[in-house]
file start_27.txt (compact mmCIF, N, CA, C and O atoms)
# COMPACT_ATOMS: atom_id res chain seq x y z
N ARG U 169 0.82 -1.19 0.00
CA ARG U 169 0.00 0.00 0.00
C ARG U 169 0.86 1.25 0.00
O ARG U 169 0.49 2.24 -0.57
N ARG U 170 1.97 1.20 0.68
CA ARG U 170 2.79 2.40 0.78
C ARG U 170 3.32 2.83 -0.60
O ARG U 170 3.36 4.00 -0.91
N LYS U 171 3.69 1.86 -1.43
CA LYS U 171 4.30 2.19 -2.72
C LYS U 171 3.33 2.93 -3.64
O LYS U 171 3.71 3.87 -4.32
N PHE U 172 2.06 2.52 -3.66
CA PHE U 172 1.10 3.12 -4.56
C PHE U 172 0.17 4.11 -3.86
O PHE U 172 -0.76 4.63 -4.45
N GLY U 173 0.40 4.36 -2.58
CA GLY U 173 -0.39 5.36 -1.84
C GLY U 173 -1.85 4.98 -1.78
O GLY U 173 -2.21 3.84 -1.54
N PRO U 174 -2.74 5.96 -2.03
CA PRO U 174 -4.17 5.73 -1.86
C PRO U 174 -4.84 5.06 -3.05
O PRO U 174 -6.05 5.07 -3.15
N LEU U 175 -4.07 4.50 -3.97
CA LEU U 175 -4.63 3.89 -5.17
C LEU U 175 -5.75 2.92 -4.81
O LEU U 175 -5.57 2.01 -4.02
N GLY U 176 -6.91 3.13 -5.38
CA GLY U 176 -8.05 2.26 -5.13
C GLY U 176 -8.94 2.75 -4.01
O GLY U 176 -10.06 2.29 -3.85
N PHE U 177 -8.48 3.69 -3.21
CA PHE U 177 -9.26 4.21 -2.10
C PHE U 177 -9.84 5.58 -2.44
O PHE U 177 -9.26 6.35 -3.20
N ASN U 178 -10.98 5.88 -1.84
CA ASN U 178 -11.60 7.20 -2.00
C ASN U 178 -10.96 8.24 -1.09
O ASN U 178 -11.00 9.43 -1.38
N ILE U 179 -10.42 7.79 0.02
CA ILE U 179 -9.83 8.66 1.03
C ILE U 179 -8.40 8.19 1.27
O ILE U 179 -8.13 6.99 1.26
N ARG U 180 -7.49 9.11 1.52
CA ARG U 180 -6.11 8.73 1.82
C ARG U 180 -6.02 8.32 3.29
O ARG U 180 -6.36 9.09 4.17
N TYR U 181 -5.58 7.09 3.54
CA TYR U 181 -5.45 6.57 4.90
C TYR U 181 -3.98 6.47 5.27
O TYR U 181 -3.15 6.12 4.45
N GLU U 182 -3.69 6.78 6.50
CA GLU U 182 -2.31 6.73 6.98
C GLU U 182 -2.03 5.39 7.66
O GLU U 182 -1.93 5.30 8.87
N PHE U 183 -1.92 4.33 6.85
CA PHE U 183 -1.51 3.04 7.39
C PHE U 183 -0.04 3.17 7.76
O PHE U 183 0.73 3.85 7.09
N ASN U 184 0.38 2.48 8.82
CA ASN U 184 1.76 2.60 9.24
C ASN U 184 2.32 1.26 9.70
O ASN U 184 1.63 0.24 9.65
N ASP U 185 3.57 1.28 10.12
CA ASP U 185 4.24 0.04 10.52
C ASP U 185 3.56 -0.64 11.70
O ASP U 185 3.59 -1.86 11.82
N SER U 186 2.95 0.13 12.60
CA SER U 186 2.30 -0.50 13.75
C SER U 186 1.09 -1.34 13.31
O SER U 186 0.78 -2.35 13.95
N ASP U 187 0.43 -0.97 12.22
CA ASP U 187 -0.67 -1.78 11.68
C ASP U 187 -0.13 -3.14 11.23
O ASP U 187 -0.71 -4.18 11.53
N LEU U 188 1.00 -3.11 10.53
CA LEU U 188 1.62 -4.35 10.07
C LEU U 188 2.12 -5.18 11.24
O LEU U 188 1.90 -6.40 11.29
N GLU U 189 2.77 -4.56 12.21
CA GLU U 189 3.30 -5.28 13.36
C GLU U 189 2.17 -5.93 14.17
O GLU U 189 2.29 -7.08 14.59
N THR U 190 1.09 -5.20 14.37
CA THR U 190 -0.05 -5.75 15.10
C THR U 190 -0.65 -6.93 14.34
O THR U 190 -0.97 -7.96 14.93
N SER U 191 -0.80 -6.78 13.03
CA SER U 191 -1.37 -7.86 12.22
C SER U 191 -0.47 -9.09 12.23
O SER U 191 -0.94 -10.23 12.31
N THR U 192 0.85 -8.87 12.18
CA THR U 192 1.80 -9.98 12.23
C THR U 192 1.74 -10.69 13.58
O THR U 192 1.77 -11.92 13.65
N THR U 193 1.64 -9.92 14.64
CA THR U 193 1.54 -10.50 15.99
C THR U 193 0.27 -11.33 16.12
O THR U 193 0.29 -12.44 16.67
N MET U 194 -0.83 -10.80 15.61
CA MET U 194 -2.10 -11.53 15.68
C MET U 194 -2.04 -12.81 14.85
O MET U 194 -2.52 -13.86 15.27
N LEU U 195 -1.43 -12.74 13.67
CA LEU U 195 -1.28 -13.93 12.83
C LEU U 195 -0.50 -15.00 13.57
O LEU U 195 -0.92 -16.16 13.62
N LYS U 196 0.62 -14.62 14.16
CA LYS U 196 1.44 -15.59 14.91
C LYS U 196 0.65 -16.19 16.06
O LYS U 196 0.67 -17.39 16.29
N MET U 197 -0.09 -15.35 16.79
CA MET U 197 -0.88 -15.83 17.91
C MET U 197 -1.94 -16.84 17.44
O MET U 197 -2.08 -17.91 18.02
N PHE U 198 -2.65 -16.50 16.38
CA PHE U 198 -3.68 -17.41 15.87
C PHE U 198 -3.08 -18.73 15.40
O PHE U 198 -3.64 -19.80 15.65
N LEU U 199 -1.95 -18.67 14.72
CA LEU U 199 -1.33 -19.90 14.21
C LEU U 199 -0.75 -20.76 15.32
O LEU U 199 -0.78 -21.99 15.26
N ASP U 200 -0.22 -20.11 16.37
CA ASP U 200 0.36 -20.86 17.48
C ASP U 200 -0.69 -21.44 18.42
O ASP U 200 -0.49 -22.52 18.99
N ASP U 201 -1.80 -20.74 18.59
CA ASP U 201 -2.79 -21.11 19.61
C ASP U 201 -3.98 -21.91 19.10
O ASP U 201 -4.77 -22.40 19.90
N GLN U 202 -4.15 -22.02 17.80
CA GLN U 202 -5.33 -22.70 17.25
C GLN U 202 -4.92 -23.97 16.52
O GLN U 202 -3.91 -23.98 15.81
N PRO U 203 -5.71 -25.05 16.65
CA PRO U 203 -5.38 -26.29 15.94
C PRO U 203 -5.59 -26.16 14.43
O PRO U 203 -4.92 -26.83 13.65
N GLU U 204 -6.51 -25.30 14.00
CA GLU U 204 -6.74 -25.04 12.59
C GLU U 204 -6.64 -23.54 12.34
O GLU U 204 -6.85 -22.74 13.25
N ILE U 205 -6.34 -23.16 11.13
CA ILE U 205 -6.20 -21.74 10.81
C ILE U 205 -7.58 -21.08 10.86
O ILE U 205 -8.47 -21.48 10.11
N PRO U 206 -7.76 -20.09 11.72
CA PRO U 206 -9.07 -19.42 11.83
C PRO U 206 -9.19 -18.28 10.80
O PRO U 206 -8.99 -17.11 11.11
N TRP U 207 -9.50 -18.64 9.56
CA TRP U 207 -9.54 -17.67 8.47
C TRP U 207 -10.46 -16.49 8.76
O TRP U 207 -10.10 -15.34 8.51
N ASP U 208 -11.66 -16.76 9.27
CA ASP U 208 -12.61 -15.68 9.55
C ASP U 208 -12.06 -14.72 10.60
O ASP U 208 -12.21 -13.51 10.49
N SER U 209 -11.43 -15.26 11.62
CA SER U 209 -10.85 -14.42 12.67
C SER U 209 -9.69 -13.57 12.13
O SER U 209 -9.55 -12.41 12.49
N LEU U 210 -8.87 -14.17 11.29
CA LEU U 210 -7.78 -13.43 10.67
C LEU U 210 -8.31 -12.27 9.83
O LEU U 210 -7.82 -11.14 9.92
N MET U 211 -9.33 -12.55 9.03
CA MET U 211 -9.91 -11.52 8.18
C MET U 211 -10.53 -10.41 9.02
O MET U 211 -10.36 -9.23 8.74
N TYR U 212 -11.22 -10.81 10.08
CA TYR U 212 -11.89 -9.81 10.91
C TYR U 212 -10.89 -8.92 11.64
O TYR U 212 -10.98 -7.69 11.60
N THR U 213 -9.90 -9.53 12.30
CA THR U 213 -8.95 -8.72 13.07
C THR U 213 -8.09 -7.85 12.15
O THR U 213 -7.83 -6.69 12.46
N THR U 214 -7.67 -8.39 11.03
CA THR U 214 -6.83 -7.61 10.13
C THR U 214 -7.65 -6.59 9.33
O THR U 214 -7.28 -5.43 9.25
N GLY U 215 -8.75 -7.03 8.76
CA GLY U 215 -9.52 -6.19 7.86
C GLY U 215 -10.48 -5.22 8.52
O GLY U 215 -10.75 -4.15 7.98
N HIS U 216 -11.00 -5.58 9.67
CA HIS U 216 -11.97 -4.71 10.33
C HIS U 216 -11.39 -3.95 11.51
O HIS U 216 -11.90 -2.89 11.86
N ILE U 217 -10.33 -4.48 12.12
CA ILE U 217 -9.79 -3.84 13.33
C ILE U 217 -8.44 -3.19 13.05
O ILE U 217 -8.31 -1.97 13.12
N ASN U 218 -7.42 -4.00 12.74
CA ASN U 218 -6.06 -3.46 12.62
C ASN U 218 -5.94 -2.41 11.52
O ASN U 218 -5.45 -1.31 11.76
N TYR U 219 -6.32 -2.76 10.31
CA TYR U 219 -6.30 -1.79 9.21
C TYR U 219 -7.65 -1.13 9.05
O TYR U 219 -7.76 0.07 8.84
N GLY U 220 -8.69 -1.93 9.13
CA GLY U 220 -10.04 -1.42 8.89
C GLY U 220 -10.51 -0.39 9.89
O GLY U 220 -11.41 0.39 9.61
N GLY U 221 -9.90 -0.36 11.06
CA GLY U 221 -10.28 0.64 12.06
C GLY U 221 -10.02 2.06 11.59
O GLY U 221 -10.63 3.01 12.07
N ARG U 222 -9.11 2.21 10.63
CA ARG U 222 -8.81 3.53 10.08
C ARG U 222 -9.72 3.89 8.90
O ARG U 222 -9.84 5.04 8.52
N VAL U 223 -10.33 2.88 8.29
CA VAL U 223 -11.11 3.07 7.07
C VAL U 223 -12.51 3.55 7.42
O VAL U 223 -13.24 2.89 8.16
N THR U 224 -12.89 4.69 6.86
CA THR U 224 -14.18 5.29 7.18
C THR U 224 -15.19 5.19 6.04
O THR U 224 -16.38 5.33 6.26
N ASP U 225 -14.73 4.94 4.83
CA ASP U 225 -15.61 4.87 3.67
C ASP U 225 -15.99 3.41 3.39
O ASP U 225 -15.12 2.53 3.39
N ASP U 226 -17.28 3.14 3.16
CA ASP U 226 -17.74 1.77 2.93
C ASP U 226 -17.08 1.13 1.71
O ASP U 226 -16.73 -0.05 1.73
N TRP U 227 -16.92 1.90 0.63
CA TRP U 227 -16.29 1.35 -0.57
C TRP U 227 -14.80 1.07 -0.32
O TRP U 227 -14.25 0.10 -0.86
N ASP U 228 -14.17 1.89 0.47
CA ASP U 228 -12.77 1.65 0.81
C ASP U 228 -12.62 0.39 1.65
O ASP U 228 -11.68 -0.38 1.48
N ARG U 229 -13.56 0.17 2.56
CA ARG U 229 -13.54 -1.05 3.37
C ARG U 229 -13.69 -2.28 2.47
O ARG U 229 -13.01 -3.28 2.62
N LYS U 230 -14.59 -2.17 1.50
CA LYS U 230 -14.80 -3.28 0.56
C LYS U 230 -13.53 -3.55 -0.24
O LYS U 230 -13.14 -4.70 -0.46
N CYS U 231 -12.85 -2.48 -0.67
CA CYS U 231 -11.58 -2.61 -1.40
C CYS U 231 -10.53 -3.29 -0.52
O CYS U 231 -9.83 -4.21 -0.96
N LEU U 232 -10.42 -2.86 0.72
CA LEU U 232 -9.46 -3.43 1.66
C LEU U 232 -9.73 -4.92 1.89
O LEU U 232 -8.82 -5.75 1.82
N LEU U 233 -10.99 -5.27 2.14
CA LEU U 233 -11.33 -6.67 2.41
C LEU U 233 -11.12 -7.54 1.18
O LEU U 233 -10.73 -8.71 1.30
N THR U 234 -11.37 -6.99 0.00
CA THR U 234 -11.13 -7.75 -1.23
C THR U 234 -9.65 -8.03 -1.40
O THR U 234 -9.25 -9.14 -1.75
N ALA U 235 -8.81 -7.02 -1.15
CA ALA U 235 -7.36 -7.22 -1.25
C ALA U 235 -6.88 -8.24 -0.22
O ALA U 235 -6.07 -9.13 -0.54
N LEU U 236 -7.38 -8.16 1.00
CA LEU U 236 -6.99 -9.13 2.03
C LEU U 236 -7.45 -10.54 1.69
O LEU U 236 -6.77 -11.52 2.02
N GLY U 237 -8.58 -10.65 1.01
CA GLY U 237 -9.11 -11.96 0.63
C GLY U 237 -8.19 -12.74 -0.29
O GLY U 237 -8.24 -13.97 -0.35
N VAL U 238 -7.30 -12.04 -0.99
CA VAL U 238 -6.32 -12.71 -1.83
C VAL U 238 -5.32 -13.48 -0.97
O VAL U 238 -4.82 -14.53 -1.36
N PHE U 239 -5.05 -12.97 0.22
CA PHE U 239 -4.04 -13.56 1.10
C PHE U 239 -4.63 -14.39 2.23
O PHE U 239 -4.03 -15.38 2.65
N TRP U 240 -5.75 -13.99 2.77
CA TRP U 240 -6.37 -14.68 3.91
C TRP U 240 -7.45 -15.63 3.41
O TRP U 240 -8.63 -15.38 3.54
N ASN U 241 -7.04 -16.73 2.82
CA ASN U 241 -8.00 -17.75 2.39
C ASN U 241 -7.31 -19.10 2.31
O ASN U 241 -6.09 -19.16 2.10
N PRO U 242 -8.04 -20.17 2.47
CA PRO U 242 -7.44 -21.51 2.51
C PRO U 242 -6.73 -21.90 1.21
O PRO U 242 -5.84 -22.76 1.23
N GLU U 243 -7.07 -21.28 0.10
CA GLU U 243 -6.46 -21.62 -1.19
C GLU U 243 -4.95 -21.34 -1.21
O GLU U 243 -4.22 -21.94 -1.99
N ILE U 244 -4.49 -20.41 -0.35
CA ILE U 244 -3.06 -20.08 -0.37
C ILE U 244 -2.19 -21.25 0.06
O ILE U 244 -0.99 -21.25 -0.19
N LEU U 245 -2.80 -22.24 0.68
CA LEU U 245 -2.03 -23.41 1.12
C LEU U 245 -1.77 -24.41 -0.01
O LEU U 245 -0.98 -25.33 0.16
N LYS U 246 -2.41 -24.21 -1.15
CA LYS U 246 -2.20 -25.09 -2.31
C LYS U 246 -0.94 -24.66 -3.05
O LYS U 246 -0.63 -23.48 -3.16
N ASP U 247 -0.21 -25.65 -3.56
CA ASP U 247 1.05 -25.38 -4.25
C ASP U 247 0.90 -24.51 -5.49
O ASP U 247 1.81 -23.78 -5.85
N ASP U 248 -0.26 -24.59 -6.15
CA ASP U 248 -0.42 -23.84 -7.40
C ASP U 248 -1.13 -22.50 -7.23
O ASP U 248 -1.49 -21.86 -8.21
N TYR U 249 -1.29 -22.02 -5.98
CA TYR U 249 -1.98 -20.75 -5.74
C TYR U 249 -1.10 -19.58 -6.19
O TYR U 249 0.08 -19.53 -5.92
N LYS U 250 -1.72 -18.64 -6.90
CA LYS U 250 -1.02 -17.45 -7.37
C LYS U 250 -1.65 -16.22 -6.71
O LYS U 250 -2.86 -16.11 -6.59
N PHE U 251 -0.81 -15.27 -6.32
CA PHE U 251 -1.29 -14.04 -5.69
C PHE U 251 -1.69 -12.99 -6.72
O PHE U 251 -2.24 -11.96 -6.37
N SER U 252 -1.39 -13.25 -7.99
CA SER U 252 -1.74 -12.29 -9.04
C SER U 252 -2.28 -13.05 -10.24
O SER U 252 -1.95 -14.21 -10.47
N ALA U 253 -3.10 -12.37 -11.02
CA ALA U 253 -3.66 -12.98 -12.23
C ALA U 253 -2.56 -13.32 -13.23
O ALA U 253 -2.70 -14.27 -14.01
N SER U 254 -1.47 -12.58 -13.20
CA SER U 254 -0.36 -12.84 -14.12
C SER U 254 0.37 -14.14 -13.79
O SER U 254 1.08 -14.68 -14.62
N GLY U 255 0.21 -14.61 -12.55
CA GLY U 255 0.91 -15.82 -12.13
C GLY U 255 2.34 -15.55 -11.69
O GLY U 255 3.06 -16.47 -11.31
N THR U 256 2.75 -14.29 -11.74
CA THR U 256 4.13 -13.93 -11.39
C THR U 256 4.39 -14.08 -9.90
O THR U 256 5.47 -14.50 -9.50
N TYR U 257 3.40 -13.74 -9.10
CA TYR U 257 3.59 -13.72 -7.64
C TYR U 257 2.94 -14.93 -7.01
O TYR U 257 1.73 -15.16 -7.15
N PHE U 258 3.74 -15.71 -6.31
CA PHE U 258 3.27 -16.91 -5.63
C PHE U 258 4.25 -17.22 -4.50
O PHE U 258 5.36 -16.68 -4.46
N ALA U 259 3.83 -18.06 -3.59
CA ALA U 259 4.73 -18.50 -2.52
C ALA U 259 5.60 -19.62 -3.08
O ALA U 259 5.07 -20.63 -3.53
N PRO U 260 6.90 -19.44 -3.08
CA PRO U 260 7.77 -20.49 -3.62
C PRO U 260 7.68 -21.76 -2.77
O PRO U 260 7.37 -21.70 -1.59
N LYS U 261 7.95 -22.87 -3.41
CA LYS U 261 7.93 -24.15 -2.70
C LYS U 261 9.03 -24.17 -1.65
O LYS U 261 10.02 -23.46 -1.75
N PHE U 262 8.83 -25.02 -0.65
CA PHE U 262 9.81 -25.15 0.42
C PHE U 262 11.16 -25.50 -0.18
O PHE U 262 11.27 -26.36 -1.05
N GLY U 263 12.19 -24.80 0.25
CA GLY U 263 13.52 -25.05 -0.28
C GLY U 263 14.58 -24.42 0.60
O GLY U 263 14.31 -24.00 1.72
N ASN U 264 15.75 -24.33 0.06
CA ASN U 264 16.85 -23.73 0.82
C ASN U 264 16.90 -22.23 0.53
O ASN U 264 16.18 -21.71 -0.32
N LEU U 265 17.76 -21.54 1.24
CA LEU U 265 17.87 -20.10 1.12
C LEU U 265 18.19 -19.66 -0.31
O LEU U 265 17.62 -18.67 -0.81
N ASP U 266 19.04 -20.39 -0.98
CA ASP U 266 19.40 -20.03 -2.36
C ASP U 266 18.20 -20.09 -3.30
O ASP U 266 18.07 -19.27 -4.21
N SER U 267 17.30 -21.05 -3.09
CA SER U 267 16.11 -21.14 -3.96
C SER U 267 15.19 -19.95 -3.75
O SER U 267 14.59 -19.45 -4.70
N TYR U 268 15.10 -19.45 -2.52
CA TYR U 268 14.28 -18.26 -2.26
C TYR U 268 14.92 -17.01 -2.87
O TYR U 268 14.23 -16.16 -3.43
N ARG U 269 16.22 -16.93 -2.76
CA ARG U 269 16.92 -15.79 -3.36
C ARG U 269 16.75 -15.78 -4.88
O ARG U 269 16.56 -14.73 -5.49
N GLU U 270 16.82 -16.95 -5.48
CA GLU U 270 16.63 -17.06 -6.93
C GLU U 270 15.22 -16.61 -7.32
O GLU U 270 15.04 -15.88 -8.30
N TYR U 271 14.22 -17.04 -6.56
CA TYR U 271 12.84 -16.62 -6.83
C TYR U 271 12.73 -15.09 -6.76
O TYR U 271 12.18 -14.45 -7.66
N ILE U 272 13.30 -14.51 -5.72
CA ILE U 272 13.24 -13.05 -5.55
C ILE U 272 13.98 -12.34 -6.67
O ILE U 272 13.50 -11.34 -7.22
N ASP U 273 15.14 -12.85 -7.04
CA ASP U 273 15.93 -12.23 -8.11
C ASP U 273 15.19 -12.25 -9.44
O ASP U 273 15.46 -11.41 -10.31
N ASN U 274 14.30 -13.22 -9.65
CA ASN U 274 13.58 -13.33 -10.91
C ASN U 274 12.26 -12.57 -10.93
O ASN U 274 11.57 -12.57 -11.95
N LEU U 275 11.91 -11.91 -9.83
CA LEU U 275 10.70 -11.09 -9.84
C LEU U 275 10.93 -9.86 -10.70
O LEU U 275 12.06 -9.38 -10.82
N PRO U 276 9.87 -9.32 -11.29
CA PRO U 276 10.05 -8.14 -12.15
C PRO U 276 10.58 -6.95 -11.37
O PRO U 276 10.24 -6.76 -10.20
N ILE U 277 11.41 -6.17 -12.01
CA ILE U 277 11.97 -4.96 -11.38
C ILE U 277 10.87 -3.91 -11.23
O ILE U 277 10.77 -3.25 -10.22
N PHE U 278 10.03 -3.79 -12.26
CA PHE U 278 8.92 -2.83 -12.23
C PHE U 278 7.61 -3.60 -12.15
O PHE U 278 7.37 -4.47 -12.99
N ASP U 279 6.81 -3.31 -11.16
CA ASP U 279 5.53 -3.99 -11.04
C ASP U 279 4.40 -2.99 -11.26
O ASP U 279 4.51 -1.81 -11.00
N SER U 280 3.30 -3.50 -11.77
CA SER U 280 2.15 -2.63 -12.03
C SER U 280 1.22 -2.65 -10.82
O SER U 280 1.26 -3.59 -10.03
N PRO U 281 0.39 -1.63 -10.68
CA PRO U 281 -0.49 -1.57 -9.52
C PRO U 281 -1.48 -2.63 -9.55
O PRO U 281 -2.06 -3.37 -9.54
call {"tool": "encode", "arguments": {"input": "start_27.txt", "output": "structure tokens"}}
result
Amino acid sequence: RRKFGPLGFNIRYEFNDSDLETSTTMLKMFLDDQPEIPWDSLMYTTGHINYGGRVTDDWDRKCLLTALGVFWNPEILKDDYKFSASGTYFAPKFGNLDSYREYIDNLPIFDSP
């Protein structure tokens, strides 16, 4: 969000590092404390509280929740899940550090919004 600013939103929101840190902490807590991934709880805490607490416009909230839905869903656990329609962005398969570096090095230098 920081790179493209308010793109897609009707109002400019000041999301900051504490929003990300809180969301990361909540994710870790949910994953450590629950036997199954609580997708609905993740979406609610991240989309309606941590980030969504700043969002005042209904259409902006819908935009935020739609974007989060790409990441907070059970499909991301499948090997063939892509984060973008282009297929460029995906979670690389489990491997060593060099395989992750290679994946990162092959990502496009310029990305579109």
call {"tool": "atom_distance", "arguments": {"input": "start_27.txt", "atom1": "atom CA of Glu204 of chain U", "atom2": "atom N of Pro242 of chain U"}}
result
11.3 Å
call {"tool": "closest_residue", "arguments": {"input": "start_27.txt", "among": "U:Asn274, U:Thr224, U:Ser254, U:Thr213", "to": "Leu188 of chain U", "atoms": "only C-alpha atoms"}}
result
U:Thr213
call {"tool": "atom_distance", "arguments": {"input": "start_27.txt", "atom1": "atom CA of Leu233 of chain U", "atom2": "atom O of Gly215 of chain U"}}
result
6.1 Å
call {"tool": "atom_distance", "arguments": {"input": "start_27.txt", "atom1": "atom CA of Thr192 of chain U", "atom2": "atom CA of Met211 of chain U"}}
result
12.5 Å
call {"tool": "select_by_dssp", "arguments": {"input": "start_27.txt", "residues": "segment 181-258 of chain U", "states": "helix (DSSP H, G or I)", "output": "ChimeraX atom specification"}}
result
/U:185-201,207-218,220-222,226-239,242-245
call {"tool": "residues_near_point", "arguments": {"input": "start_27.txt", "point": "(-11.5, 10.5, 5.2)", "cutoff": "7 Å", "atoms": "only N, CA, C and O atoms", "output": "list of chain:residue names"}}
result
U:Asn178, U:Ile179, U:Arg180, U:Arg222, U:Thr224, U:Asp225
call {"tool": "closest_residue", "arguments": {"input": "start_27.txt", "among": "U:Thr193, U:Ser252, U:Ser267, U:Ser209", "to": "Asp279 of chain U", "atoms": "only C-alpha atoms"}}
result
U:Ser252
call {"tool": "residues_around", "arguments": {"input": "start_27.txt", "residues": "Ala259 of chain U", "least_positions_apart": "3", "cutoff": "9 Å", "atoms": "only C-alpha atoms", "output": "list in words"}}
result
Ile244, Asp247, Asp248, Tyr249, Lys250, Phe251 and Phe262 of chain U
call {"tool": "closest_residue", "arguments": {"input": "start_27.txt", "among": "U:Leu195, U:Asp226, U:Phe258, U:Tyr271", "to": "Glu243 of chain U", "atoms": "only C-alpha atoms"}}
result
U:Phe258
call {"tool": "closest_residue", "arguments": {"input": "start_27.txt", "among": "U:Tyr219, U:Glu270, U:Val238, U:Cys231", "to": "Asn184 of chain U", "atoms": "all atoms listed in the file"}}
result
U:Tyr219
call {"tool": "residues_around", "arguments": {"input": "start_27.txt", "residues": "Leu232 of chain U", "least_positions_apart": "3", "cutoff": "9 Å", "atoms": "only C-alpha atoms", "output": "PyMOL selection string"}}
result
chain U and resi 176-177+215+219-220+223+227-229+235-237
call {"tool": "axis_aligned_box", "arguments": {"input": "start_27.txt", "around": "segment 199-210 of chain U", "padding_each_side": "8 Å", "output": "lines of an AutoDock Vina configuration file"}}
result
center_x = -6.1
center_y = -19.0
center_z = 14.2
size_x = 29.0
size_y = 31.7
size_z = 27.4
call {"tool": "build_atoms", "arguments": {"input": "start_27.txt", "residues": "segment 247-253 of chain U", "atoms": "all heavy atoms", "output": "PDB file, in the frame of the given file"}}
result
ATOM      1  N   ASP U 247      -0.210 -25.650  -3.560  1.00  0.00           N
ATOM      2  CA  ASP U 247       1.050 -25.380  -4.250  1.00  0.00           C
ATOM      3  C   ASP U 247       0.900 -24.510  -5.490  1.00  0.00           C
ATOM      4  O   ASP U 247       1.810 -23.780  -5.850  1.00  0.00           O
ATOM      5  CB  ASP U 247       1.736 -26.696  -4.644  1.00  0.00           C
ATOM      6  CG  ASP U 247       2.328 -27.418  -3.452  1.00  0.00           C
ATOM      7  OD1 ASP U 247       2.574 -26.756  -2.418  1.00  0.00           O
ATOM      8  OD2 ASP U 247       2.558 -28.636  -3.556  1.00  0.00           O
ATOM      9  N   ASP U 248      -0.260 -24.590  -6.150  1.00  0.00           N
ATOM     10  CA  ASP U 248      -0.420 -23.840  -7.400  1.00  0.00           C
ATOM     11  C   ASP U 248      -1.130 -22.500  -7.230  1.00  0.00           C
ATOM     12  O   ASP U 248      -1.490 -21.860  -8.210  1.00  0.00           O
ATOM     13  CB  ASP U 248      -1.173 -24.693  -8.429  1.00  0.00           C
ATOM     14  CG  ASP U 248      -2.574 -25.073  -7.958  1.00  0.00           C
ATOM     15  OD1 ASP U 248      -2.879 -24.932  -6.757  1.00  0.00           O
ATOM     16  OD2 ASP U 248      -3.369 -25.510  -8.811  1.00  0.00           O
ATOM     17  N   TYR U 249      -1.290 -22.020  -5.980  1.00  0.00           N
ATOM     18  CA  TYR U 249      -1.980 -20.750  -5.740  1.00  0.00           C
ATOM     19  C   TYR U 249      -1.100 -19.580  -6.190  1.00  0.00           C
ATOM     20  O   TYR U 249       0.080 -19.530  -5.920  1.00  0.00           O
ATOM     21  CB  TYR U 249      -2.334 -20.583  -4.265  1.00  0.00           C
ATOM     22  CG  TYR U 249      -3.161 -19.341  -4.012  1.00  0.00           C
ATOM     23  CD1 TYR U 249      -4.509 -19.329  -4.304  1.00  0.00           C
ATOM     24  CD2 TYR U 249      -2.588 -18.182  -3.518  1.00  0.00           C
ATOM     25  CE1 TYR U 249      -5.272 -18.191  -4.092  1.00  0.00           C
ATOM     26  CE2 TYR U 249      -3.335 -17.035  -3.303  1.00  0.00           C
ATOM     27  CZ  TYR U 249      -4.685 -17.047  -3.596  1.00  0.00           C
ATOM     28  OH  TYR U 249      -5.441 -15.921  -3.400  1.00  0.00           O
ATOM     29  N   LYS U 250      -1.720 -18.640  -6.900  1.00  0.00           N
ATOM     30  CA  LYS U 250      -1.020 -17.450  -7.370  1.00  0.00           C
ATOM     31  C   LYS U 250      -1.650 -16.220  -6.710  1.00  0.00           C
ATOM     32  O   LYS U 250      -2.860 -16.110  -6.590  1.00  0.00           O
ATOM     33  CB  LYS U 250      -1.132 -17.309  -8.888  1.00  0.00           C
ATOM     34  CG  LYS U 250      -0.709 -18.546  -9.660  1.00  0.00           C
ATOM     35  CD  LYS U 250       0.758 -18.794  -9.564  1.00  0.00           C
ATOM     36  CE  LYS U 250       1.156 -19.949 -10.473  1.00  0.00           C
ATOM     37  NZ  LYS U 250       2.150 -20.801  -9.968  1.00  0.00           N
ATOM     38  N   PHE U 251      -0.810 -15.270  -6.320  1.00  0.00           N
ATOM     39  CA  PHE U 251      -1.290 -14.040  -5.690  1.00  0.00           C
ATOM     40  C   PHE U 251      -1.690 -12.990  -6.720  1.00  0.00           C
ATOM     41  O   PHE U 251      -2.240 -11.960  -6.370  1.00  0.00           O
ATOM     42  CB  PHE U 251      -0.223 -13.458  -4.765  1.00  0.00           C
ATOM     43  CG  PHE U 251       0.043 -14.316  -3.567  1.00  0.00           C
ATOM     44  CD1 PHE U 251       1.222 -15.010  -3.448  1.00  0.00           C
ATOM     45  CD2 PHE U 251      -0.890 -14.432  -2.551  1.00  0.00           C
ATOM     46  CE1 PHE U 251       1.472 -15.807  -2.337  1.00  0.00           C
ATOM     47  CE2 PHE U 251      -0.654 -15.220  -1.445  1.00  0.00           C
ATOM     48  CZ  PHE U 251       0.530 -15.908  -1.341  1.00  0.00           C
ATOM     49  N   SER U 252      -1.390 -13.250  -7.990  1.00  0.00           N
ATOM     50  CA  SER U 252      -1.740 -12.290  -9.040  1.00  0.00           C
ATOM     51  C   SER U 252      -2.280 -13.050 -10.240  1.00  0.00           C
ATOM     52  O   SER U 252      -1.950 -14.210 -10.470  1.00  0.00           O
ATOM     53  CB  SER U 252      -0.514 -11.481  -9.451  1.00  0.00           C
ATOM     54  OG  SER U 252       0.456 -12.317 -10.032  1.00  0.00           O
ATOM     55  N   ALA U 253      -3.100 -12.370 -11.020  1.00  0.00           N
ATOM     56  CA  ALA U 253      -3.660 -12.980 -12.230  1.00  0.00           C
ATOM     57  C   ALA U 253      -2.560 -13.320 -13.230  1.00  0.00           C
ATOM     58  O   ALA U 253      -2.700 -14.270 -14.010  1.00  0.00           O
ATOM     59  CB  ALA U 253      -4.686 -12.041 -12.856  1.00  0.00           C
TER      60      ALA U 253
END
